[in-house]
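Participant: This one is coords.cif, mmCIF, C-alpha atoms.
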data_target
loop_
_atom_site.label_atom_id
_atom_site.label_comp_id
_atom_site.auth_asym_id
_atom_site.auth_seq_id
_atom_site.Cartn_x
_atom_site.Cartn_y
_atom_site.Cartn_z
CA MET M 30 -1.50 -54.83 15.95
CA THR M 31 -4.01 -52.73 14.10
CA ASN M 32 -7.60 -53.46 13.23
CA ALA M 33 -7.90 -50.57 10.79
CA PRO M 34 -9.22 -51.81 7.47
CA GLN M 35 -6.73 -49.73 5.48
CA PRO M 36 -3.18 -48.79 6.40
CA ILE M 37 -2.99 -45.23 7.65
CA THR M 38 -0.66 -42.96 5.72
CA GLU M 39 1.51 -40.15 7.05
CA THR M 40 -0.62 -37.71 5.04
CA GLU M 41 -3.73 -38.94 6.83
CA LEU M 42 -2.05 -38.49 10.18
CA HIS M 43 -1.41 -34.85 9.34
CA ALA M 44 -4.95 -34.47 8.05
CA TYR M 45 -6.04 -35.84 11.42
CA VAL M 46 -3.88 -33.25 13.20
CA ASP M 47 -5.43 -30.49 11.10
CA GLY M 48 -9.01 -31.70 11.51
CA ARG M 49 -9.37 -32.48 7.82
CA LEU M 50 -10.47 -36.13 7.98
CA GLY M 51 -14.05 -37.33 7.57
CA THR M 52 -15.78 -38.67 10.68
CA ALA M 53 -15.42 -42.33 9.79
CA ARG M 54 -11.75 -42.18 8.92
CA ARG M 55 -11.03 -40.02 11.96
CA ALA M 56 -12.48 -42.74 14.19
CA GLU M 57 -10.26 -45.31 12.50
CA VAL M 58 -7.18 -43.16 12.98
CA GLU M 59 -8.05 -42.64 16.63
CA ALA M 60 -8.46 -46.36 17.15
CA TRP M 61 -5.13 -46.99 15.49
CA LEU M 62 -3.42 -44.33 17.61
CA SER M 63 -4.82 -45.89 20.80
CA ALA M 64 -3.06 -49.06 19.85
CA ASN M 65 0.20 -47.26 19.01
CA PRO M 66 1.28 -45.14 21.97
CA VAL M 67 4.54 -43.99 20.38
CA GLU M 68 2.74 -42.69 17.33
CA ARG M 69 0.08 -41.20 19.55
CA GLU M 70 2.72 -39.24 21.43
CA ARG M 71 4.13 -37.91 18.17
CA ILE M 72 0.75 -36.94 16.73
CA ASP M 73 -0.33 -35.30 19.99
CA ALA M 74 2.85 -33.23 19.89
CA TYR M 75 1.90 -32.02 16.39
CA ARG M 76 -1.55 -31.05 17.58
CA ARG M 77 -0.04 -29.11 20.47
CA GLN M 78 2.19 -27.32 17.97
CA ASN M 79 -0.91 -25.99 16.21
CA GLN M 80 -2.45 -24.90 19.50
CA ALA M 81 0.77 -23.22 20.59
CA LEU M 82 1.08 -21.37 17.27
CA HIS M 83 -2.35 -19.89 17.85
CA ALA M 84 -1.61 -19.08 21.48
CA LEU M 85 1.59 -17.32 20.48
CA PHE M 86 0.48 -15.40 17.42
CA ASP M 87 -3.30 -14.93 17.55
CA PRO M 88 -2.93 -11.86 19.79
CA ALA M 89 -1.58 -10.11 16.69
CA LEU M 90 -5.07 -10.38 15.15
CA ASP M 91 -6.58 -8.21 17.87
CA GLU M 92 -4.03 -5.44 17.72
CA ALA M 93 -5.13 -2.19 16.14
CA VAL M 94 -3.71 -1.97 12.64
CA PRO M 95 -1.05 0.76 12.59
CA ALA M 96 -1.91 3.81 10.50
CA THR M 97 1.23 3.22 8.45
CA LEU M 98 -0.37 0.03 7.14
CA ARG M 99 -3.89 1.37 6.77
CA VAL M 100 -2.83 4.28 4.62
CA VAL M 101 -1.13 1.97 2.12
CA THR M 102 -4.50 0.67 0.99
CA ALA M 103 -6.33 3.95 1.63
CA ARG M 104 -4.12 6.14 -0.49
CA ARG M 105 -4.25 3.71 -3.41
CA ARG M 106 -7.90 4.31 -3.98
CA LEU M 107 -7.21 6.62 -6.88
CA PRO M 108 -4.79 5.88 -9.70
CA ALA M 109 -1.61 7.94 -9.41
CA VAL M 110 -2.48 10.38 -12.19
CA LEU M 111 -5.86 11.16 -10.67
CA ARG M 112 -4.32 11.49 -7.20
CA ILE M 113 -1.89 14.10 -8.43
CA ALA M 114 -4.64 15.90 -10.37
CA ALA M 115 -6.89 15.87 -7.31
CA MET M 116 -4.09 17.19 -5.14
CA ALA M 117 -3.32 19.96 -7.62
CA ALA M 118 -7.02 20.85 -7.79
CA TRP M 119 -7.19 21.11 -4.01
CA VAL M 120 -4.16 23.32 -3.86
CA LEU M 121 -5.70 25.54 -6.53
CA VAL M 122 -9.07 25.68 -4.78
CA GLY M 123 -7.35 26.41 -1.48
CA GLY M 124 -5.35 29.19 -3.10
CA ILE M 125 -8.39 30.78 -4.77
CA LEU M 126 -10.44 30.51 -1.60
CA GLY M 127 -7.65 32.02 0.38
CA TRP M 128 -7.47 34.91 -2.08
CA LEU M 129 -11.24 35.47 -2.21
CA LEU M 130 -11.68 35.24 1.51
CA ARG M 131 -8.78 37.45 2.47
CA GLY M 132 -9.77 40.29 4.69
CA PRO M 133 -8.37 43.81 4.44
CA GLU M 134 -4.94 43.85 6.08
CA ALA M 135 -5.74 40.40 7.47
CA PRO M 136 -3.13 37.71 7.66
CA MET M 137 -3.57 35.00 5.07
CA PRO M 138 -6.38 32.74 6.30
CA LEU M 139 -5.60 29.10 6.53
CA ALA M 140 -6.46 27.26 3.36
CA THR M 141 -9.46 25.27 4.46
CA ASN M 142 -8.33 22.10 2.73
CA VAL M 143 -5.29 22.13 5.00
CA LEU M 144 -7.76 21.96 7.85
CA ALA M 145 -9.37 18.87 6.34
CA GLN M 146 -6.03 17.21 5.66
CA GLN M 147 -4.65 17.81 9.12
CA ALA M 148 -7.89 16.62 10.68
CA ALA M 149 -7.92 13.45 8.55
CA LEU M 150 -4.30 12.74 9.41
CA ALA M 151 -4.95 13.15 13.12
CA HIS M 152 -8.00 10.92 12.75
CA VAL M 153 -6.03 8.15 11.06
CA VAL M 154 -3.23 8.33 13.60
CA TYR M 155 -5.30 8.27 16.79
CA THR M 156 -8.54 6.38 16.14
CA PRO M 157 -6.82 2.95 15.86
CA GLU M 158 -5.28 3.43 19.32
CA VAL M 159 -6.60 0.91 21.78
CA LEU M 160 -4.71 1.87 24.93
CA HIS M 161 -4.24 5.62 24.49
CA PRO M 162 -6.83 7.00 22.08
CA VAL M 163 -7.03 10.25 24.06
CA GLU M 164 -4.90 12.19 26.53
CA VAL M 165 -7.76 13.16 28.80
CA ARG M 166 -10.78 10.90 29.06
CA ALA M 167 -14.42 11.99 28.97
CA GLU M 168 -14.77 11.38 32.74
CA GLU M 169 -12.69 14.53 33.24
CA GLU M 170 -14.57 16.55 30.68
CA SER M 171 -14.49 19.87 32.48
CA HIS M 172 -10.74 19.58 32.92
CA LEU M 173 -10.40 18.54 29.27
CA VAL M 174 -12.42 21.45 27.93
CA GLY M 175 -10.79 23.97 30.25
CA TRP M 176 -7.32 22.80 29.32
CA LEU M 177 -7.92 22.79 25.57
CA SER M 178 -9.66 26.21 25.72
CA LYS M 179 -6.67 27.62 27.53
CA ARG M 180 -4.18 26.20 25.06
CA LEU M 181 -6.14 27.31 22.00
CA GLY M 182 -6.79 30.71 23.52
CA ARG M 183 -10.50 30.38 22.69
CA GLU M 184 -13.40 28.74 24.38
CA VAL M 185 -13.87 25.30 22.89
CA ARG M 186 -16.60 22.86 23.77
CA ALA M 187 -17.14 19.16 23.30
CA PRO M 188 -20.55 18.82 21.67
CA ARG M 189 -22.96 16.12 22.88
CA LEU M 190 -23.51 13.57 20.15
CA ALA M 191 -25.55 11.01 22.07
CA ASP M 192 -28.61 11.63 19.89
CA SER M 193 -26.43 10.79 16.89
CA GLY M 194 -25.37 7.60 18.67
CA TYR M 195 -21.87 8.72 19.69
CA GLU M 196 -20.39 9.17 23.16
CA LEU M 197 -17.37 11.29 23.97
CA VAL M 198 -14.21 9.21 24.55
CA GLY M 199 -12.02 12.20 25.42
CA GLY M 200 -9.62 14.55 23.74
CA ARG M 201 -6.05 15.53 23.11
CA LEU M 202 -3.90 18.49 22.18
CA LEU M 203 -2.13 18.42 18.81
CA PRO M 204 0.31 20.64 16.94
CA ALA M 205 -1.03 22.44 13.87
CA ASP M 206 0.96 24.65 11.52
CA ASN M 207 -0.13 27.86 13.23
CA GLY M 208 -0.29 26.73 16.85
CA PRO M 209 -2.15 24.16 18.88
CA ALA M 210 -5.20 22.19 17.77
CA ALA M 211 -7.63 20.06 19.74
CA GLN M 212 -9.10 16.69 18.89
CA PHE M 213 -12.24 15.28 20.50
CA MET M 214 -12.90 11.61 19.91
CA TYR M 215 -16.34 9.98 19.89
CA GLN M 216 -17.33 6.37 19.65
CA ASP M 217 -20.59 4.58 18.88
CA ALA M 218 -21.84 1.32 20.39
CA ARG M 219 -20.04 -0.72 17.74
CA GLY M 220 -16.73 0.98 18.37
CA ASN M 221 -16.77 3.20 15.24
CA ARG M 222 -14.94 6.40 15.97
CA LEU M 223 -15.43 9.98 14.84
CA THR M 224 -13.09 12.83 15.63
CA LEU M 225 -13.80 16.53 15.83
CA TYR M 226 -10.70 18.57 15.12
CA VAL M 227 -10.65 22.19 16.25
CA ARG M 228 -8.00 24.79 15.53
CA THR M 229 -7.73 28.53 15.48
CA ASP M 230 -8.09 30.17 12.11
CA ALA M 231 -5.51 32.82 11.30
CA GLY M 232 -8.02 34.57 9.01
CA GLY M 233 -10.34 35.11 11.93
CA ASN M 234 -13.98 36.13 12.15
CA ARG M 235 -15.37 34.67 9.00
CA GLU M 236 -17.71 31.84 8.26
CA THR M 237 -17.73 29.23 5.60
CA ALA M 238 -20.32 26.71 4.55
CA PHE M 239 -19.79 23.03 5.21
CA ARG M 240 -17.28 21.56 2.84
CA TYR M 241 -16.55 17.91 2.28
CA ALA M 242 -13.25 16.22 1.54
CA GLN M 243 -12.40 12.57 1.13
CA GLU M 244 -8.91 11.78 2.41
CA GLY M 245 -8.33 8.11 1.71
CA ARG M 246 -10.91 6.16 3.67
CA VAL M 247 -11.69 9.13 5.85
CA GLY M 248 -14.50 11.52 5.01
CA VAL M 249 -14.21 15.04 6.46
CA PHE M 250 -16.82 17.78 6.83
CA TYR M 251 -15.13 21.04 7.74
CA TRP M 252 -16.08 24.61 8.24
CA VAL M 253 -14.81 27.82 9.75
CA ASP M 254 -16.88 29.60 12.33
CA GLY M 255 -15.41 32.88 13.51
CA PRO M 256 -12.04 32.35 15.13
CA LEU M 257 -12.13 28.56 14.98
CA GLY M 258 -11.95 26.00 12.20
CA TYR M 259 -13.73 22.67 12.72
CA ALA M 260 -13.34 19.37 10.94
CA LEU M 261 -15.38 16.26 11.62
CA SER M 262 -13.70 13.08 10.36
CA GLY M 263 -15.03 9.56 10.16
CA GLU M 264 -15.05 6.41 8.11
CA ILE M 265 -18.83 6.43 7.69
CA ASP M 266 -20.88 7.40 4.65
CA LYS M 267 -21.28 11.02 3.70
CA PRO M 268 -24.98 11.57 4.61
CA GLN M 269 -24.45 10.08 8.08
CA LEU M 270 -21.37 12.20 8.64
CA LEU M 271 -23.25 15.29 7.47
CA ARG M 272 -26.02 14.66 10.01
CA VAL M 273 -23.47 14.56 12.82
CA ALA M 274 -21.69 17.67 11.49
CA ASP M 275 -25.02 19.48 11.38
CA ASN M 276 -25.77 18.40 14.93
CA ILE M 277 -22.41 19.82 16.06
CA TYR M 278 -22.89 23.08 14.20
CA ARG M 279 -26.31 23.66 15.75
CA GLN M 280 -24.98 23.01 19.25
CA LEU M 281 -22.12 25.44 18.76
CA ASN M 282 -24.46 28.10 17.30
CA PRO M 283 -27.65 27.82 19.35
CA MET G 18 -10.83 -0.22 -7.40
CA ASN G 19 -12.05 1.13 -4.07
CA ALA G 20 -13.86 -2.07 -3.21
CA ASP G 21 -10.75 -4.10 -3.98
CA THR G 22 -8.41 -2.11 -1.76
CA ASP G 23 -11.01 -2.41 1.00
CA LEU G 24 -10.95 -6.18 0.48
CA ILE G 25 -7.17 -6.15 0.83
CA ALA G 26 -7.41 -4.10 4.02
CA GLU G 27 -9.57 -6.81 5.57
CA HIS G 28 -6.66 -9.22 5.34
CA ILE G 29 -4.17 -6.97 7.15
CA PRO G 30 -4.58 -8.58 10.60
CA ARG G 31 -3.97 -12.08 9.21
CA LEU G 32 -1.02 -10.90 7.17
CA ARG G 33 0.47 -9.35 10.29
CA ARG G 34 -0.02 -12.52 12.34
CA TYR G 35 1.61 -14.65 9.67
CA ALA G 36 4.48 -12.22 9.09
CA ARG G 37 5.24 -12.09 12.79
CA ALA G 38 5.39 -15.86 12.99
CA LEU G 39 7.53 -15.97 9.87
CA VAL G 40 10.18 -13.39 10.78
CA GLY G 41 9.88 -13.34 14.59
CA ASP G 42 10.33 -9.61 15.06
CA ARG G 43 7.38 -7.23 15.19
CA THR G 44 8.92 -4.28 13.39
CA ARG G 45 10.37 -6.34 10.58
CA ALA G 46 7.09 -8.22 10.29
CA ASP G 47 5.15 -4.98 9.82
CA ASP G 48 7.73 -3.82 7.28
CA LEU G 49 7.09 -7.01 5.37
CA VAL G 50 3.33 -6.47 5.56
CA GLN G 51 3.74 -2.91 4.34
CA ASP G 52 5.83 -4.05 1.37
CA CYS G 53 3.25 -6.70 0.66
CA LEU G 54 0.33 -4.25 0.73
CA THR G 55 2.18 -1.77 -1.45
CA ARG G 56 3.01 -4.46 -3.99
CA ALA G 57 -0.53 -5.81 -3.90
CA CYS G 58 -2.05 -2.38 -4.52
CA GLU G 59 0.36 -1.75 -7.39
CA ARG G 60 -0.55 -5.05 -9.00
CA LEU G 61 -4.20 -5.12 -8.18
CA HIS G 62 -5.02 -5.20 -11.89
CA LEU G 63 -3.33 -8.62 -12.03
CA TRP G 64 -5.65 -10.11 -9.44
CA GLN G 65 -8.61 -12.01 -10.88
CA PRO G 66 -11.74 -10.83 -9.07
CA GLY G 67 -13.48 -13.84 -7.60
CA SER G 68 -10.26 -15.80 -7.14
CA ASP G 69 -8.75 -16.39 -3.71
CA LEU G 70 -7.50 -12.96 -2.60
CA ARG G 71 -5.98 -14.33 0.60
CA ALA G 72 -3.86 -16.84 -1.34
CA TRP G 73 -2.81 -14.09 -3.75
CA LEU G 74 -1.71 -11.81 -0.90
CA PHE G 75 0.16 -14.61 0.87
CA THR G 76 1.90 -15.48 -2.39
CA ILE G 77 3.10 -11.88 -2.67
CA MET G 78 4.30 -11.93 0.92
CA HIS G 79 6.04 -15.27 0.42
CA ASN G 80 7.90 -13.97 -2.64
CA LEU G 81 8.95 -10.75 -0.90
CA HIS G 82 10.20 -12.69 2.08
CA ALA G 83 12.14 -15.09 -0.15
CA ASN G 84 13.81 -12.05 -1.75
CA ASP G 85 14.64 -10.65 1.69
CA ILE G 86 16.28 -13.91 2.67
CA ARG G 87 18.34 -13.96 -0.50
CA ARG G 88 19.52 -10.44 0.26
CA GLN G 89 20.36 -11.37 3.86
CA ARG G 90 22.46 -14.32 2.72
CA SER G 91 24.63 -11.94 0.77
CA ARG G 92 24.92 -9.73 3.87
CA PRO G 93 25.67 -12.15 6.70
CA ASP G 94 25.99 -9.41 9.33
CA CYS G 95 22.21 -9.27 9.75
CA VAL G 96 20.49 -9.99 13.03
CA PRO G 97 19.53 -13.66 13.27
CA LEU G 98 15.84 -14.39 13.20
CA ALA G 99 14.97 -15.04 16.79
CA ASP G 100 17.32 -12.55 18.41
CA ASN G 101 14.90 -9.84 19.28
CA LEU G 102 11.58 -11.33 20.13
CA ASP G 103 9.40 -8.61 21.48
CA ALA G 104 6.05 -10.39 21.54
CA PRO G 105 4.71 -10.24 25.08
CA LEU G 106 4.37 -13.78 26.33
CA PRO G 107 1.42 -15.08 28.32
CA ALA G 108 1.63 -14.62 32.05
CA ASP G 109 1.82 -18.27 32.95
CA GLN G 110 5.53 -18.98 33.40
CA GLU G 111 5.67 -22.55 32.20
CA ASP G 112 3.55 -22.00 29.16
CA GLY G 113 5.38 -18.74 28.53
CA LEU G 114 8.66 -20.63 28.46
CA THR G 115 7.16 -23.22 26.18
CA LEU G 116 5.88 -20.58 23.79
CA ARG G 117 9.25 -18.89 23.71
CA ASP G 118 10.78 -22.29 22.95
CA LEU G 119 8.35 -22.63 20.10
CA GLN G 120 9.30 -19.28 18.66
CA THR G 121 13.00 -20.11 18.94
CA ALA G 122 12.44 -23.51 17.38
CA LEU G 123 10.39 -22.01 14.56
CA ALA G 124 13.25 -19.71 13.70
CA GLN G 125 15.52 -22.74 13.38
CA LEU G 126 13.30 -24.45 10.83
CA PRO G 127 14.41 -24.20 7.22
CA ILE G 128 12.29 -21.52 5.64
CA ASP G 129 10.51 -23.91 3.26
CA GLN G 130 9.32 -26.00 6.18
CA ARG G 131 8.50 -23.05 8.39
CA THR G 132 6.32 -21.54 5.67
CA VAL G 133 4.27 -24.70 5.23
CA VAL G 134 3.93 -25.36 8.96
CA LEU G 135 2.59 -21.81 9.41
CA LEU G 136 0.27 -21.73 6.41
CA VAL G 137 -1.30 -25.02 7.52
CA GLY G 138 -1.04 -24.86 11.31
CA LEU G 139 -1.58 -21.14 11.94
CA GLU G 140 -3.32 -19.80 8.84
CA GLU G 141 -5.31 -23.06 8.57
CA MET G 142 -5.07 -23.28 4.83
CA SER G 143 -6.02 -26.57 3.21
CA TYR G 144 -3.09 -28.47 1.71
CA ALA G 145 -4.29 -27.51 -1.76
CA GLN G 146 -4.51 -23.81 -0.81
CA ALA G 147 -1.01 -23.91 0.66
CA ALA G 148 0.26 -25.59 -2.52
CA GLY G 149 -1.44 -22.93 -4.66
CA THR G 150 -0.06 -20.11 -2.52
CA LEU G 151 3.50 -21.40 -2.73
CA GLY G 152 3.27 -22.62 -6.32
CA ILE G 153 4.38 -26.16 -5.42
CA PRO G 154 2.66 -29.57 -5.73
CA VAL G 155 0.52 -30.83 -2.85
CA GLY G 156 2.92 -33.75 -2.39
CA THR G 157 5.73 -31.27 -1.69
CA VAL G 158 3.52 -29.47 0.83
CA MET G 159 2.93 -32.76 2.63
CA SER G 160 6.58 -33.73 2.77
CA ARG G 161 7.65 -30.28 3.99
CA LEU G 162 4.87 -30.31 6.56
CA ALA G 163 5.91 -33.73 7.85
CA ARG G 164 9.58 -32.79 8.06
CA GLY G 165 8.83 -29.39 9.58
CA ARG G 166 6.57 -30.75 12.31
CA GLU G 167 8.98 -33.52 13.21
CA ARG G 168 11.89 -31.11 13.32
CA LEU G 169 9.91 -28.76 15.58
CA ARG G 170 9.02 -31.65 17.85
CA VAL G 171 12.66 -32.68 18.20
CA LEU G 172 13.83 -29.10 18.74
CA MET G 173 11.21 -28.56 21.43
CA SER G 174 11.94 -31.78 23.25
CA ASP G 175 15.67 -31.02 23.19
CA SER G 176 15.22 -27.57 24.63
CA SER G 177 12.62 -28.15 27.31
CA GLY G 178 13.14 -31.73 28.46
CA PRO G 179 9.70 -33.18 27.94
CA ALA G 180 8.00 -32.56 24.63
CA LEU G 181 5.92 -29.42 24.17
CA ARG G 182 3.56 -29.09 27.07
CA ARG G 183 -0.07 -28.42 26.64
CA VAL G 184 -0.92 -24.81 25.98
CA LYS G 185 -4.33 -23.42 26.75
#
Rewrite the structure from the file as C-alpha cells, please.

Facilitator:
Amino acid sequence: MTNAPQPITETELHAYVDGRLGTARRAEVEAWLSANPVERERIDAYRRQNQALHALFDPALDEAVPATLRVVTARRRLPAVLRIAAMAAWVLVGGILGWLLRGPEAPMPLATNVLAQQAALAHVVYTPEVLHPVEVRAEEESHLVGWLSKRLGREVRAPRLADSGYELVGGRLLPADNGPAAQFMYQDARGNRLTLYVRTDAGGNRETAFRYAQEGRVGVFYWVDGPLGYALSGEIDKPQLLRVADNIYRQLNP
Amino acid sequence: MNADTDLIAEHIPRLRRYARALVGDRTRADDLVQDCLTRACERLHLWQPGSDLRAWLFTIMHNLHANDIRRQRSRPDCVPLADNLDAPLPADQEDGLTLRDLQTALAQLPIDQRTVVLLVGLEEMSYAQAAGTLGIPVGTVMSRLARGRERLRVLMSDSSGPALRRVK
C-alpha cells in the first residue's frame, strides 16, 4: 500500500507530530498518511492534543507572576549570613539615625529604613497587578489626590514624570504602621513600573538627604521632607532611579 | 549569584504553565513552583553555569512532584487531581468542553506518561531534553509518549463522542 522507501516507525510518527522531522522525511510521512486514513486519524488526533495543550495552558504564561513567587528569587540574592548581617546593619543604622534625629520632646521619628522596606513591599505587591494595579486611575487624578490628601491629613501631589518617560497610572491607599500611606504608580512605554510611596512621618518637620536601599530586586530612593516621607521604588538601575527621584523632589520643592 | 537568580526568575512563567498542567489546580501548582524555586535557589551552587538551566529547573520540579505523589499515596484522603479546576476556559462552548475534557483526561494519565506528554507537547522539549530532564533513556521517553498520547486519544473519544475536535 505504501510507496515510502523506508518503513515509517512509531518514533517518526511522533517526530512528525512534534515538527521534528526533516523536510524530505516529512513529505514521505505525509504521503504515507494519505494512503492510510486510519493512521492519519490517529496522528491528527495527536497533533490536536498538542494544540489543545497550548490553548488550555498558554494563558498561564501571560499572567503576572505573583509576588510570592518573585520574592523567592529576589530574596536569595545574598547568602543567608550576609542577609542577616545586612538586616542587622540596617536596624542599627535606623536606630542611630532615629536617636540622632530625635527632636526635643518629639515622638520617635520613623526609622527611615522602615519607610524603604514598606515602600518596596508595596511595590512588589502591586506592580505585577494586571487588572487592579491601582484603586483610582489617573483619569480621576483630582479625585485621587484629594482623597489621598484627606486620608493622610496632608496635601499630597502626584508629580508629573512625563519628561522622565513615565505616565501616572493611578494610586491607592495603604496601611502603614503609624496610619495611612499613599502609593502612586507610574509606567513607561515598555510597561516598566515605578511607585512613589508617601506616608506621614511621626518625627515631623525635618529633612533628610536622599538615601538608597536595595530590597531584593527593588531599588528604593527615600527621603523625608517635612511632615511626609517619600520613597521611590523601581526595578531599574540606580542612576536612572536617582534621576526620577530628583525630578520628583524638585517638583515638590519648587 | 545575582545574575543566576535573575536567570531562574525568567523561567517562572513556563514553570507555572507546566505545573498547572501537571497538577490541574492553580493554587497547588503555584505551591509546587514556589517549592521548586526555593529548592533551586538553595542548590544554585550545584548548577553548572552554561548547562541547560530550564532542564535543571524542570528536573527539580519533577522530583518534588514525585515526592508529593508518594506522600499523597500514603494519605488517600487527598483531593483527586482534576476535582477543582479553576482555569477559566475559552468562551467558545464546544471548544471549552473539549478543553475541559482534555484536562480531565490528562489527570487520568499515569504520571510517567503525563509528564512526558507535557514536556514534549506543551514545553516543546526535544526527546533528548525530556530524557535528560527525567533522567531516563530516550527510548523510554518515546514509549511513554506513545502510550500517553494513545491513552489520551481514547479517553477523549470516550468522553466526547467524536475524537478531540479542532481547537483554535

Participant: Skipping near chain neighbours, those fewer than 4 positions away, what residues fall within 9 Å of Leu90 of chain M using all atoms listed in the file, listed as an MDAnalysis selection string?

Facilitator: (chainID M and resid 86 94) or (chainID G and resid 29:34)

Participant: Quick one: distance from atom CA of Leu223 of chain M to atom CA of His152 of chain M in Å, one decimal?

Facilitator: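 Separating atom CA of Leu223 of chain M from atom CA of His152 of chain M is a distance of 7.8 Å.
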
Participant: Atom CA of Asp217 of chain M and atom CA of Arg183 of chain M, how far apart in Å?

Facilitator: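 Computed distance, atom CA of Arg183 of chain M to atom CA of Asp217 of chain M, equals 28.0 Å.
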
Participant: Skip segment 162-167 of chain G itself and residues of its chain fewer than 3 positions away, then list as a PyMOL selection string all residues within 8 Å of it, counting only C-alpha atoms.

Facilitator: (chain M and resi 39+43+75+78) or (chain G and resi 126-127+130-131+133-134+158-159+170-171)

Participant: Between atom CA of Val137 of chain G and atom CA of Leu74 of chain G, what is the distance, to one decimal in Å?

Facilitator: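 It comes out at 15.7 Å.
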
Participant: Pick out the closest residue to chain M from this set: G:Leu63, G:Ala124, G:Ala72, G:Leu135. Count all atoms listed in the file.

Facilitator: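 Residue with the minimum atom-to-atom distance to chain M: G:Leu135.
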
Participant: So what does the PyMOL selection byres ((chain G and resi 40) around 9) actually pick up in this one, as a PyMOL selection string?

Facilitator: chain G and resi 35-39+41-43+45-46+49+82+98-99+124

Participant: Let me see the file: selected residues, C-alpha atoms, as a PDB file, in the frame of the given file.

Facilitator:
ATOM      1  CA  TYR G  35       1.610 -14.650   9.670  1.00  0.00           C
ATOM      2  CA  ALA G  36       4.480 -12.220   9.090  1.00  0.00           C
ATOM      3  CA  ARG G  37       5.240 -12.090  12.790  1.00  0.00           C
ATOM      4  CA  ALA G  38       5.390 -15.860  12.990  1.00  0.00           C
ATOM      5  CA  LEU G  39       7.530 -15.970   9.870  1.00  0.00           C
ATOM      6  CA  GLY G  41       9.880 -13.340  14.590  1.00  0.00           C
ATOM      7  CA  ASP G  42      10.330  -9.610  15.060  1.00  0.00           C
ATOM      8  CA  ARG G  43       7.380  -7.230  15.190  1.00  0.00           C
ATOM      9  CA  ARG G  45      10.370  -6.340  10.580  1.00  0.00           C
ATOM     10  CA  ALA G  46       7.090  -8.220  10.290  1.00  0.00           C
ATOM     11  CA  LEU G  49       7.090  -7.010   5.370  1.00  0.00           C
ATOM     12  CA  HIS G  82      10.200 -12.690   2.080  1.00  0.00           C
ATOM     13  CA  LEU G  98      15.840 -14.390  13.200  1.00  0.00           C
ATOM     14  CA  ALA G  99      14.970 -15.040  16.790  1.00  0.00           C
ATOM     15  CA  ALA G 124      13.250 -19.710  13.700  1.00  0.00           C
TER      16      ALA G 124
END

Participant: For Ala83 of chain G, find every residue with an atom within 12 Å (counting only C-alpha atoms), except residues of its own chain fewer than 2 positions away, and show them as a list in words.

Facilitator: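 Contacts, in chain order: Leu39, Val40, Leu49, Thr76, Ile77, Met78, His79, Asn80, Leu81, Asp85, Ile86, Arg87, Arg88, Gln89, Arg90, Pro127, Ile128, Asp129, Thr132 and Leu151 of chain G.
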
Participant: Restricting it to C-alpha atoms, dump the selection as a PDB file, in the coordinates of the input.

Facilitator:
ATOM      1  CA  LEU G  39       7.530 -15.970   9.870  1.00  0.00           C
ATOM      2  CA  VAL G  40      10.180 -13.390  10.780  1.00  0.00           C
ATOM      3  CA  LEU G  49       7.090  -7.010   5.370  1.00  0.00           C
ATOM      4  CA  THR G  76       1.900 -15.480  -2.390  1.00  0.00           C
ATOM      5  CA  ILE G  77       3.100 -11.880  -2.670  1.00  0.00           C
ATOM      6  CA  MET G  78       4.300 -11.930   0.920  1.00  0.00           C
ATOM      7  CA  HIS G  79       6.040 -15.270   0.420  1.00  0.00           C
ATOM      8  CA  ASN G  80       7.900 -13.970  -2.640  1.00  0.00           C
ATOM      9  CA  LEU G  81       8.950 -10.750  -0.900  1.00  0.00           C
ATOM     10  CA  ASP G  85      14.640 -10.650   1.690  1.00  0.00           C
ATOM     11  CA  ILE G  86      16.280 -13.910   2.670  1.00  0.00           C
ATOM     12  CA  ARG G  87      18.340 -13.960  -0.500  1.00  0.00           C
ATOM     13  CA  ARG G  88      19.520 -10.440   0.260  1.00  0.00           C
ATOM     14  CA  GLN G  89      20.360 -11.370   3.860  1.00  0.00           C
ATOM     15  CA  ARG G  90      22.460 -14.320   2.720  1.00  0.00           C
ATOM     16  CA  PRO G 127      14.410 -24.200   7.220  1.00  0.00           C
ATOM     17  CA  ILE G 128      12.290 -21.520   5.640  1.00  0.00           C
ATOM     18  CA  ASP G 129      10.510 -23.910   3.260  1.00  0.00           C
ATOM     19  CA  THR G 132       6.320 -21.540   5.670  1.00  0.00           C
ATOM     20  CA  LEU G 151       3.500 -21.400  -2.730  1.00  0.00           C
TER      21      LEU G 151
END

Participant: Apply the PyMOL selection byres ((chain M and resi 258) around 9) to the structure shown and report the selected residues as a list in words.

Facilitator: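 Here the PyMOL selection byres ((chain M and resi 258) around 9) matches Thr141, Leu144, Tyr226, Val227, Arg228, Thr229, Asp230, Tyr251, Trp252, Val253, Asp254, Gly255, Pro256, Leu257, Tyr259 and Ala260 of chain M.
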
Participant: Residues of chain M were defined as contacting chain G if any atom lay at most 8 Å from it, counting only C-alpha atoms; please report them as a PyMOL selection string.

Facilitator: chain M and resi 39-40+43+47+71+74-75+77-87+89-92+94+97-99+101-103+105-107

Participant: Keeping C-alpha atoms for every residue in the selection just given, could you write it to a file as a short mmCIF file (atom, residue, chain, number, x, y, z; two decimals), in the coordinates of the input?

Facilitator:
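File written: result.cif
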data_model
loop_
_atom_site.label_atom_id
_atom_site.label_comp_id
_atom_site.auth_asym_id
_atom_site.auth_seq_id
_atom_site.Cartn_x
_atom_site.Cartn_y
_atom_site.Cartn_z
CA GLU M 39 1.51 -40.15 7.05
CA THR M 40 -0.62 -37.71 5.04
CA HIS M 43 -1.41 -34.85 9.34
CA ASP M 47 -5.43 -30.49 11.10
CA ARG M 71 4.13 -37.91 18.17
CA ALA M 74 2.85 -33.23 19.89
CA TYR M 75 1.90 -32.02 16.39
CA ARG M 77 -0.04 -29.11 20.47
CA GLN M 78 2.19 -27.32 17.97
CA ASN M 79 -0.91 -25.99 16.21
CA GLN M 80 -2.45 -24.90 19.50
CA ALA M 81 0.77 -23.22 20.59
CA LEU M 82 1.08 -21.37 17.27
CA HIS M 83 -2.35 -19.89 17.85
CA ALA M 84 -1.61 -19.08 21.48
CA LEU M 85 1.59 -17.32 20.48
CA PHE M 86 0.48 -15.40 17.42
CA ASP M 87 -3.30 -14.93 17.55
CA ALA M 89 -1.58 -10.11 16.69
CA LEU M 90 -5.07 -10.38 15.15
CA ASP M 91 -6.58 -8.21 17.87
CA GLU M 92 -4.03 -5.44 17.72
CA VAL M 94 -3.71 -1.97 12.64
CA THR M 97 1.23 3.22 8.45
CA LEU M 98 -0.37 0.03 7.14
CA ARG M 99 -3.89 1.37 6.77
CA VAL M 101 -1.13 1.97 2.12
CA THR M 102 -4.50 0.67 0.99
CA ALA M 103 -6.33 3.95 1.63
CA ARG M 105 -4.25 3.71 -3.41
CA ARG M 106 -7.90 4.31 -3.98
CA LEU M 107 -7.21 6.62 -6.88
#
